[in-house]
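Everything on this sheet refers to the single structure shown next.
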Amino acid sequence: MPSFKIDLATAVVFVATAPEPKMANKKTGERAVDRETGASLSTVGLLVSDEGEGNLYQVTVPETGLPDGLAPGMPVAVTGLKARDWENEFNGQKRHGIAFRAVAVTPLGA
């Protein structure tokens, strides 16, 4: 499926929820990894405010792109944010949504 770049040039972005490990299998505790690099993945909640509107996104980021100390309320820069739609079927029910992925999330300023 194709992915689409998201332009954040005019947006203000804050950490909404601290990064947490993304699980491939919650029952076994298996961690999700990037298929290309093998890096462990985490999910971070980001509040993106642009043109008078704010939205909360759960964004998947490789651990190599997440510095220590990201905390709620911290202003950040997001590198390589992309969106991809998804659809699957589980127990006869179709589900769909949009997944967000970024290369890195870095704090702004000191």
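The chains in the structure tokens are called A, B, ... from first to last as shown; in each chain the residues are counted from 1, and the ligands are counted from 1 in the order shown.
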task = Run DSSP on the backbone and give me the residues of chain A it puts in strand (DSSP E or B), as an MDAnalysis selection string.
result = chainID A and resid 4:5 12:21 23:25 30:31 33 40:50 53:62 75:79 82:90 93:101 104:107
I'd like a table as JSON lines: residues in stretch 21-46 of chain A with an atom no more than 10 Å from stretch 67-79 of chain A, each row giving the shortest atom pair and its distance in Å to one decimal, only C-alpha atoms counted, sorted by chain and rising residue number.
```
{"residue": "A:Val44", "atom": "CA", "partner": "A:Leu70", "partner_atom": "CA", "distance": 9.2}
{"residue": "A:Gly45", "atom": "CA", "partner": "A:Pro72", "partner_atom": "CA", "distance": 8.6}
{"residue": "A:Leu46", "atom": "CA", "partner": "A:Pro72", "partner_atom": "CA", "distance": 8.8}
```
inquiry  = Under the rule that only C-alpha atoms are counted, which of A:Gly92, A:Ile6, A:Thr17, A:Thr60 is the nearest residue to A:Leu47?
reply    =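 The answer is A:Thr17, which sits nearest to A:Leu47.
The space between atom CA of A:Gly80 and atom CA of A:Lys22 spans 18.7 Å.
When only C-alpha atoms are used to measure the gap to A:Val33, the shortest distance among A:Ala18, A:Val61, A:Val105, A:Val48 belongs to A:Val61.
Taking atom CA of A:Asp85 as the reference point, atom CA of A:Ala102 is found at 14.7 Å.
Reported to one decimal place, the separation of atom CA of A:Thr64 from atom CA of A:Asn88 is 28.6 Å.
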request  = With a distance cut-off of 8 Å and only C-alpha atoms, select the neighbouring residues of A:Ser49, excluding the residue or stretch itself and same-chain residues fewer than 6 positions from it, and output the selection as an MDAnalysis selection string.
outcome  = chainID A and resid 11:13 55
Could you save those same residues with C-alpha atoms as a PDB file, in the first residue's frame?
```pdb
ATOM      1  CA  ALA A  11       2.408  22.915  12.520  1.00  0.00           C
ATOM      2  CA  VAL A  12       3.327  22.960  16.195  1.00  0.00           C
ATOM      3  CA  VAL A  13       3.870  19.471  17.619  1.00  0.00           C
ATOM      4  CA  ASN A  55      -5.258  16.347  16.452  1.00  0.00           C
TER       5      ASN A  55
END
```
